[in-house]
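Following: one structure in structure tokens, then a few remarks.
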Amino acid sequence: MLVVLMIAAMLNLAGCLNAKKAGANLPQVESASELEPATSADDSYTLKLVYIGTPQLDEQLIEEEASKYLLEKLNAKLDLIVLDWGSWDNRQNILIASREEIDVIFTSQWSKHAVNVSKGAFLPLNNLLEQYGQEILASLDPLILQSAQIDGINYGVPSNKEFAAQGGIVYRKDIAEQLQLDMEQVKSLADLDAIYKVVKQKMPSMTPLFVKYGENFNSHYINNFDALGDTSIPGYILKDETSTIVKPIYEFERYIDNLYLARDFYLKGYINKDAATTQMMVNDALASNEYFSVVSPIKPGKAEELGVQTGLTGKLGQIAMNPKSLATSETTGSMLAISSTSQHPELAMQLINLLHSDSYLNNLLNFGIEDIHYKKVSEQVITQTESTSRYSPGASWMLGNQFLNYLWDTEDPQKWEQFKQFNEDAVISPGLGFVFDGDEVKSEVAAVVNVDKQYLIALESGSVDPAVVLPEYIKKLRIAGIDKIIEAKQQQFNAFLQKNGKLDSESDKEDSLHYNDNEIAE
């Protein structure tokens, strides 16, 4: 026994040293010897919850309150590890690669969920859900859980929120009223030209539209693109149409049209000149008072939520510009996974279950402490205090069940009913439930990602002329192997459709457009 203990101690020390070398800048995580099994009230386990956001000034206060509550519920404490948006990809990769001991971690399709599953980063959850996730199973639509699976297995629990996707703009309603702009006449992106022209003329210090990487006229939520998995891997269908032909994004007419519209707006001075390089977040752009509008996913109450987060309460409006749709990108757009390094996955699942069912804990993590960070107007309605800015993470869409959330007194009292209705009548993508496995083309994917870094944001922000740059971009993509990726994705998608009785043999004989360079230039 003594020999075994000595060897265990040596292995533990070596593991800690290696972890420190691999992730020197990561939050410090307790070693295995410090995390004893939770067997008594005097011997609790600390659950580590990792998600994306801006670290809050009063985060420690929230951890202390949550830990008091969880000691009674689970004999556990809580450690919130909030990783900044700008460093999320890198920090998440290091956490996973170095096998840091964490418990619950945010994951999503747009954050390489399938890739991380293939690395063994997350535990399969089906059995844990059956044993410890009864409230999740009772409250979450079975279709949502099923369509978030990979080969029949859930590796993440979707947040219970709006699942339909819709795109549009959020704009300064107060400025529009001041300039007597008729925003009800805006039905499409092109209709914004007349609005932005007036803003540019009458308020020259205010840029009409803020654009950045991923938030522009060709964002997937604007055009209803379904990437059938990781959005960094090429090959799309349209969520609002029935065709199951997988195509490169540049073979869709709406993509080309929006490239030219963005270029036109850029040349007219409607778009920020640093659109191709800026690292500013959309919320910060609005809060700066330097921009009239931003491109944004749209849902009921989106403008009001952003108003609270940016200090512009009551000053923002929103306009939707496409049909609502539902695809795997939405059902897997926000999930909580259990790390394969967790020492107590049963406690981790119980924590997720509480976030989906326990109103006190859910609102504590999302809004802070009553009478400090907010005051109650009624049982479900809250108002801001002088300390609201000290804890306002804006992470409710990541942390469990949004239908448990309090409403700010500036929000529509029917918001959650509107959410439910918003989810009900969305157009369902032919690709719902499918996730592409890119293992067989990972070298081509890596090459395409490098090409995208060189061209994509410059094109989509309007910073360069698509007539000149797009043909060059396409040539580089073909050299990188985009056609091989599209072919592999189509084969897997066809197998999925056939398995589910959805394969349309006639439509799947349709040829891709494959524009040549001259056609694109025209």
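Residues in the structure tokens are numbered from 1 in each chain, the chains being A, B, ... in the order shown, and ligands are numbered from 1 in the order shown.
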Using only C-alpha atoms, which residues sit within 6 Å of stretch 220-237 of chain A once same-chain residues fewer than 4 positions away are excluded, as a PDB file with N, CA and C atoms, in the first residue's frame?
```pdb
ATOM      1  N   GLN A 109     -21.692  24.174 -31.992  1.00  0.00           N
ATOM      2  CA  GLN A 109     -21.278  23.791 -33.334  1.00  0.00           C
ATOM      3  C   GLN A 109     -20.257  24.778 -33.898  1.00  0.00           C
ATOM      4  N   TRP A 110     -20.460  26.081 -33.609  1.00  0.00           N
ATOM      5  CA  TRP A 110     -19.564  27.105 -34.147  1.00  0.00           C
ATOM      6  C   TRP A 110     -18.262  27.202 -33.340  1.00  0.00           C
ATOM      7  N   GLN A 166     -32.894  33.790 -37.048  1.00  0.00           N
ATOM      8  CA  GLN A 166     -33.341  34.852 -37.939  1.00  0.00           C
ATOM      9  C   GLN A 166     -32.306  35.960 -37.881  1.00  0.00           C
ATOM     10  N   GLY A 167     -32.115  36.643 -38.980  1.00  0.00           N
ATOM     11  CA  GLY A 167     -31.100  37.683 -39.022  1.00  0.00           C
ATOM     12  C   GLY A 167     -31.677  39.036 -39.383  1.00  0.00           C
ATOM     13  N   VAL A 246     -25.049  19.983 -51.753  1.00  0.00           N
ATOM     14  CA  VAL A 246     -24.043  20.716 -50.984  1.00  0.00           C
ATOM     15  C   VAL A 246     -23.176  21.523 -51.957  1.00  0.00           C
ATOM     16  N   LYS A 247     -23.027  22.819 -51.684  1.00  0.00           N
ATOM     17  CA  LYS A 247     -22.285  23.702 -52.591  1.00  0.00           C
ATOM     18  C   LYS A 247     -21.301  24.574 -51.817  1.00  0.00           C
ATOM     19  N   PRO A 248     -20.268  25.035 -52.497  1.00  0.00           N
ATOM     20  CA  PRO A 248     -19.433  26.082 -51.898  1.00  0.00           C
ATOM     21  C   PRO A 248     -20.281  27.335 -51.727  1.00  0.00           C
ATOM     22  N   VAL A 435     -24.377  16.215 -38.789  1.00  0.00           N
ATOM     23  CA  VAL A 435     -23.105  16.890 -38.508  1.00  0.00           C
ATOM     24  C   VAL A 435     -22.009  16.190 -39.307  1.00  0.00           C
ATOM     25  N   PHE A 436     -21.320  16.934 -40.125  1.00  0.00           N
ATOM     26  CA  PHE A 436     -20.265  16.380 -40.976  1.00  0.00           C
ATOM     27  C   PHE A 436     -19.040  15.998 -40.153  1.00  0.00           C
ATOM     28  N   ILE A 486     -16.212  19.215 -50.407  1.00  0.00           N
ATOM     29  CA  ILE A 486     -17.626  19.251 -50.800  1.00  0.00           C
ATOM     30  C   ILE A 486     -18.112  17.838 -51.151  1.00  0.00           C
TER      31      ILE A 486
END
```
Any chance you could list, as a VMD selection string, the residues in stretch 80-270 of chain A that come up strand (DSSP E or B) when DSSP is run on the backbone? chain A and resid 80 to 83 104 to 107 122 150 153 157 to 158 160 165 167 to 172 207 to 210 212 215 225 to 226 236 to 238 247
Residues at most 10 Å from A:Leu503, counting only C-alpha atoms, excluding those fewer than 6 positions away in the same chain, as a PyMOL selection string?
-> chain A and resi 244+430+493-497
Legend entry - Shortest interatomic distance to A:Leu238 - which of A:Ile153, A:Ala327, A:Leu456, A:Val469, counting only C-alpha atoms: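 Between A:Ile153, A:Ala327, A:Leu456, A:Val469, the residue approaching A:Leu238 most closely is A:Ala327.
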- prompt: For A:Pro323, which residue out of A:Gln60, A:Ser429, A:Asn366, A:Gln146 is the nearest one, using only C-alpha atoms?
  reply: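 Smallest separation from A:Pro323 among the options: A:Ser429.
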Atom CA of A:Ser329 to atom CA of A:Ala164 measures 9.8 Å
- Task: Please run DSSP on the backbone and report, as a PyMOL selection string, all residues within stretch 122-247 of chain A that come out as alpha helix (DSSP H).
- Result: chain A and resi 126-132+134-139+142-147+173-178+192-202+220-223
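Counting from atom CA of A:Lys376, the distance to atom CA of A:Leu354 is 22.0 Å.
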Write out as an MDAnalysis selection string each polymer residue whose atoms come within 9 Å of stretch 195-201 of chain A, counting only C-alpha atoms; drop sequence neighbours fewer than 5 positions from it. chainID A and resid 175:176 179 181:183 186 206:209 265 268:270 292
If you keep C-alpha atoms, can you produce a file of those selected residues as a short mmCIF file (atom, residue, chain, number, x, y, z; two decimals), in the first residue's frame?
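Result file part_18.cif:
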```
data_model
loop_
_atom_site.label_atom_id
_atom_site.label_comp_id
_atom_site.auth_asym_id
_atom_site.auth_seq_id
_atom_site.Cartn_x
_atom_site.Cartn_y
_atom_site.Cartn_z
CA ILE A 175 -31.45 58.43 -33.54
CA ALA A 176 -33.97 57.16 -36.10
CA LEU A 179 -33.86 62.05 -37.85
CA LEU A 181 -36.42 57.89 -40.40
CA ASP A 182 -39.20 55.48 -41.37
CA MET A 183 -37.64 52.17 -40.33
CA VAL A 186 -36.86 48.57 -44.38
CA MET A 206 -21.69 58.48 -36.60
CA THR A 207 -20.88 55.51 -38.87
CA PRO A 208 -24.15 53.98 -40.15
CA LEU A 209 -23.12 50.30 -39.85
CA PHE A 265 -21.95 50.46 -48.76
CA LYS A 268 -20.24 55.13 -49.67
CA GLY A 269 -18.75 55.33 -46.19
CA TYR A 270 -21.60 53.46 -44.51
CA PHE A 292 -26.09 53.66 -35.85
#
```
Could you name the residues that touch A:Tyr51 at 6 Å or less, counting only C-alpha atoms, but leaving out those on the same chain fewer than 6 positions away, as a PDB file with N, CA, C and O atoms, in the first residue's frame?
```pdb
ATOM      1  N   VAL A  82     -14.407  32.116 -16.496  1.00  0.00           N
ATOM      2  CA  VAL A  82     -14.941  32.846 -17.644  1.00  0.00           C
ATOM      3  C   VAL A  82     -13.787  33.245 -18.549  1.00  0.00           C
ATOM      4  O   VAL A  82     -12.890  33.987 -18.137  1.00  0.00           O
ATOM      5  N   ILE A 105     -18.378  22.591 -19.354  1.00  0.00           N
ATOM      6  CA  ILE A 105     -17.798  23.571 -20.271  1.00  0.00           C
ATOM      7  C   ILE A 105     -18.774  23.884 -21.387  1.00  0.00           C
ATOM      8  O   ILE A 105     -19.454  23.000 -21.906  1.00  0.00           O
ATOM      9  N   PHE A 106     -18.848  25.154 -21.743  1.00  0.00           N
ATOM     10  CA  PHE A 106     -19.697  25.562 -22.864  1.00  0.00           C
ATOM     11  C   PHE A 106     -19.133  24.992 -24.165  1.00  0.00           C
ATOM     12  O   PHE A 106     -17.914  24.929 -24.363  1.00  0.00           O
TER      13      PHE A 106
END
```
Problem set entry | stretch 330-342 of chain A surroundings by only C-alpha atoms, 7 Å radius, close-in-sequence under 2 positions cut, as a ChimeraX atom specification | /A:99-110,121-123,144,147-148,155-159,163-165,326-328,344-345,348,398
Deliver the residues from the most recent selection as a file, using N, CA, C and O atoms, as a tab-separated table (two decimals), in the first residue's frame.
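The result, stored in result22.tsv:
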```tsv
chain	number	residue	atom	x	y	z
A	99	ARG	N	-5.49	18.48	-20.81
A	99	ARG	CA	-6.28	17.64	-19.92
A	99	ARG	C	-6.47	18.27	-18.55
A	99	ARG	O	-6.41	17.62	-17.50
A	100	GLU	N	-6.73	19.58	-18.55
A	100	GLU	CA	-7.03	20.27	-17.29
A	100	GLU	C	-8.28	19.67	-16.67
A	100	GLU	O	-9.23	19.29	-17.36
A	101	GLU	N	-8.30	19.59	-15.35
A	101	GLU	CA	-9.44	19.00	-14.65
A	101	GLU	C	-10.54	20.06	-14.48
A	101	GLU	O	-10.46	20.93	-13.62
A	102	ILE	N	-11.53	19.97	-15.36
A	102	ILE	CA	-12.70	20.83	-15.28
A	102	ILE	C	-13.93	19.93	-15.32
A	102	ILE	O	-13.82	18.73	-15.56
A	103	ASP	N	-15.10	20.52	-15.12
A	103	ASP	CA	-16.31	19.69	-15.04
A	103	ASP	C	-17.31	20.01	-16.14
A	103	ASP	O	-17.62	19.15	-16.95
A	104	VAL	N	-17.80	21.22	-16.17
A	104	VAL	CA	-18.80	21.61	-17.16
A	104	VAL	C	-18.20	22.71	-18.04
A	104	VAL	O	-17.58	23.65	-17.52
A	105	ILE	N	-18.38	22.59	-19.35
A	105	ILE	CA	-17.80	23.57	-20.27
A	105	ILE	C	-18.77	23.88	-21.39
A	105	ILE	O	-19.45	23.00	-21.91
A	106	PHE	N	-18.85	25.15	-21.74
A	106	PHE	CA	-19.70	25.56	-22.86
A	106	PHE	C	-19.13	24.99	-24.16
A	106	PHE	O	-17.91	24.93	-24.36
A	107	THR	N	-20.03	24.58	-25.05
A	107	THR	CA	-19.61	24.09	-26.36
A	107	THR	C	-20.71	24.41	-27.37
A	107	THR	O	-21.85	24.68	-27.00
A	108	SER	N	-20.36	24.40	-28.64
A	108	SER	CA	-21.34	24.71	-29.68
A	108	SER	C	-20.79	24.26	-31.02
A	108	SER	O	-19.59	24.01	-31.18
A	109	GLN	N	-21.69	24.17	-31.99
A	109	GLN	CA	-21.28	23.79	-33.33
A	109	GLN	C	-20.26	24.78	-33.90
A	109	GLN	O	-19.31	24.38	-34.56
A	110	TRP	N	-20.46	26.08	-33.61
A	110	TRP	CA	-19.56	27.10	-34.15
A	110	TRP	C	-18.26	27.20	-33.34
A	110	TRP	O	-17.39	28.00	-33.67
A	121	ALA	N	-12.83	14.90	-25.77
A	121	ALA	CA	-12.84	15.96	-24.76
A	121	ALA	C	-14.08	15.90	-23.88
A	121	ALA	O	-14.04	16.30	-22.72
A	122	PHE	N	-15.21	15.39	-24.43
A	122	PHE	CA	-16.47	15.42	-23.70
A	122	PHE	C	-17.01	14.00	-23.47
A	122	PHE	O	-16.82	13.12	-24.31
A	123	LEU	N	-17.70	13.82	-22.38
A	123	LEU	CA	-18.28	12.52	-22.06
A	123	LEU	C	-19.61	12.31	-22.79
A	123	LEU	O	-20.36	13.27	-22.99
A	144	ILE	N	-35.02	18.60	-30.05
A	144	ILE	CA	-33.80	19.39	-29.85
A	144	ILE	C	-32.67	18.50	-29.36
A	144	ILE	O	-31.55	18.55	-29.87
A	147	SER	N	-31.63	16.08	-32.26
A	147	SER	CA	-30.90	16.69	-33.38
A	147	SER	C	-29.54	17.24	-32.96
A	147	SER	O	-28.74	17.63	-33.81
A	148	ALA	N	-29.26	17.24	-31.65
A	148	ALA	CA	-27.94	17.66	-31.17
A	148	ALA	C	-27.00	16.48	-31.01
A	148	ALA	O	-25.84	16.64	-30.61
A	155	TYR	N	-23.42	14.68	-26.56
A	155	TYR	CA	-22.19	15.07	-25.88
A	155	TYR	C	-22.31	16.48	-25.29
A	155	TYR	O	-21.36	16.99	-24.71
A	156	GLY	N	-23.48	17.08	-25.45
A	156	GLY	CA	-23.75	18.38	-24.87
A	156	GLY	C	-25.24	18.52	-24.64
A	156	GLY	O	-26.05	17.93	-25.36
A	157	VAL	N	-25.62	19.27	-23.61
A	157	VAL	CA	-27.03	19.53	-23.32
A	157	VAL	C	-27.38	20.91	-23.86
A	157	VAL	O	-26.84	21.92	-23.39
A	158	PRO	N	-28.26	20.99	-24.87
A	158	PRO	CA	-28.61	22.29	-25.44
A	158	PRO	C	-29.26	23.20	-24.40
A	158	PRO	O	-30.03	22.74	-23.55
A	159	SER	N	-28.93	24.48	-24.46
A	159	SER	CA	-29.63	25.46	-23.64
A	159	SER	C	-31.08	25.54	-24.11
A	159	SER	O	-31.35	25.46	-25.31
A	163	PHE	N	-34.81	28.58	-30.45
A	163	PHE	CA	-34.02	27.71	-31.31
A	163	PHE	C	-34.09	28.12	-32.77
A	163	PHE	O	-33.24	27.74	-33.57
A	164	ALA	N	-35.10	28.85	-33.12
A	164	ALA	CA	-35.17	29.34	-34.50
A	164	ALA	C	-34.08	30.39	-34.70
A	164	ALA	O	-33.62	31.03	-33.76
A	165	ALA	N	-33.65	30.53	-35.94
A	165	ALA	CA	-32.65	31.54	-36.28
A	165	ALA	C	-33.25	32.55	-37.25
A	165	ALA	O	-34.04	32.19	-38.13
A	326	LEU	N	-34.66	26.62	-38.76
A	326	LEU	CA	-34.11	25.75	-37.71
A	326	LEU	C	-33.21	24.71	-38.35
A	326	LEU	O	-33.60	24.02	-39.29
A	327	ALA	N	-31.98	24.60	-37.84
A	327	ALA	CA	-31.02	23.62	-38.33
A	327	ALA	C	-30.19	23.13	-37.15
A	327	ALA	O	-30.34	23.60	-36.02
A	328	THR	N	-29.30	22.19	-37.42
A	328	THR	CA	-28.43	21.68	-36.35
A	328	THR	C	-27.59	22.80	-35.75
A	328	THR	O	-27.22	22.76	-34.58
A	344	HIS	N	-16.18	13.95	-11.05
A	344	HIS	CA	-17.53	13.61	-10.60
A	344	HIS	C	-18.54	14.03	-11.67
A	344	HIS	O	-19.28	15.00	-11.50
A	345	PRO	N	-18.59	13.28	-12.78
A	345	PRO	CA	-19.54	13.64	-13.85
A	345	PRO	C	-20.99	13.59	-13.39
A	345	PRO	O	-21.83	14.30	-13.94
A	348	ALA	N	-21.59	16.92	-12.05
A	348	ALA	CA	-21.61	17.87	-13.16
A	348	ALA	C	-22.98	17.85	-13.86
A	348	ALA	O	-23.55	18.91	-14.17
A	398	MET	N	-26.38	30.80	-22.57
A	398	MET	CA	-25.41	29.70	-22.43
A	398	MET	C	-25.67	28.83	-21.22
A	398	MET	O	-25.18	27.70	-21.16
```
Counting only C-alpha atoms, closest pick from A:Ser357, A:Asn116, A:Asn160, A:Ser139 relative to A:Gln92 is A:Asn116
Using only C-alpha atoms, the best pick from A:Lys119, A:Lys48, A:Lys315, A:Lys212 as closest to A:Lys77 would be A:Lys48
Within 8 Å of stretch 478-483 of chain A, counting only C-alpha atoms, which residues show up once you throw out same-chain ones fewer than 4 positions away? Write them as a ChimeraX atom specification, please. /A:234,248,444-445,447-448,451,474,487
Nearest-residue call for A:Val117, choices A:Glu63, A:Asp439, A:Gln491, A:Tyr255, using only C-alpha atoms: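 Of the candidates, the smallest distance to A:Val117 is held by A:Asp439.
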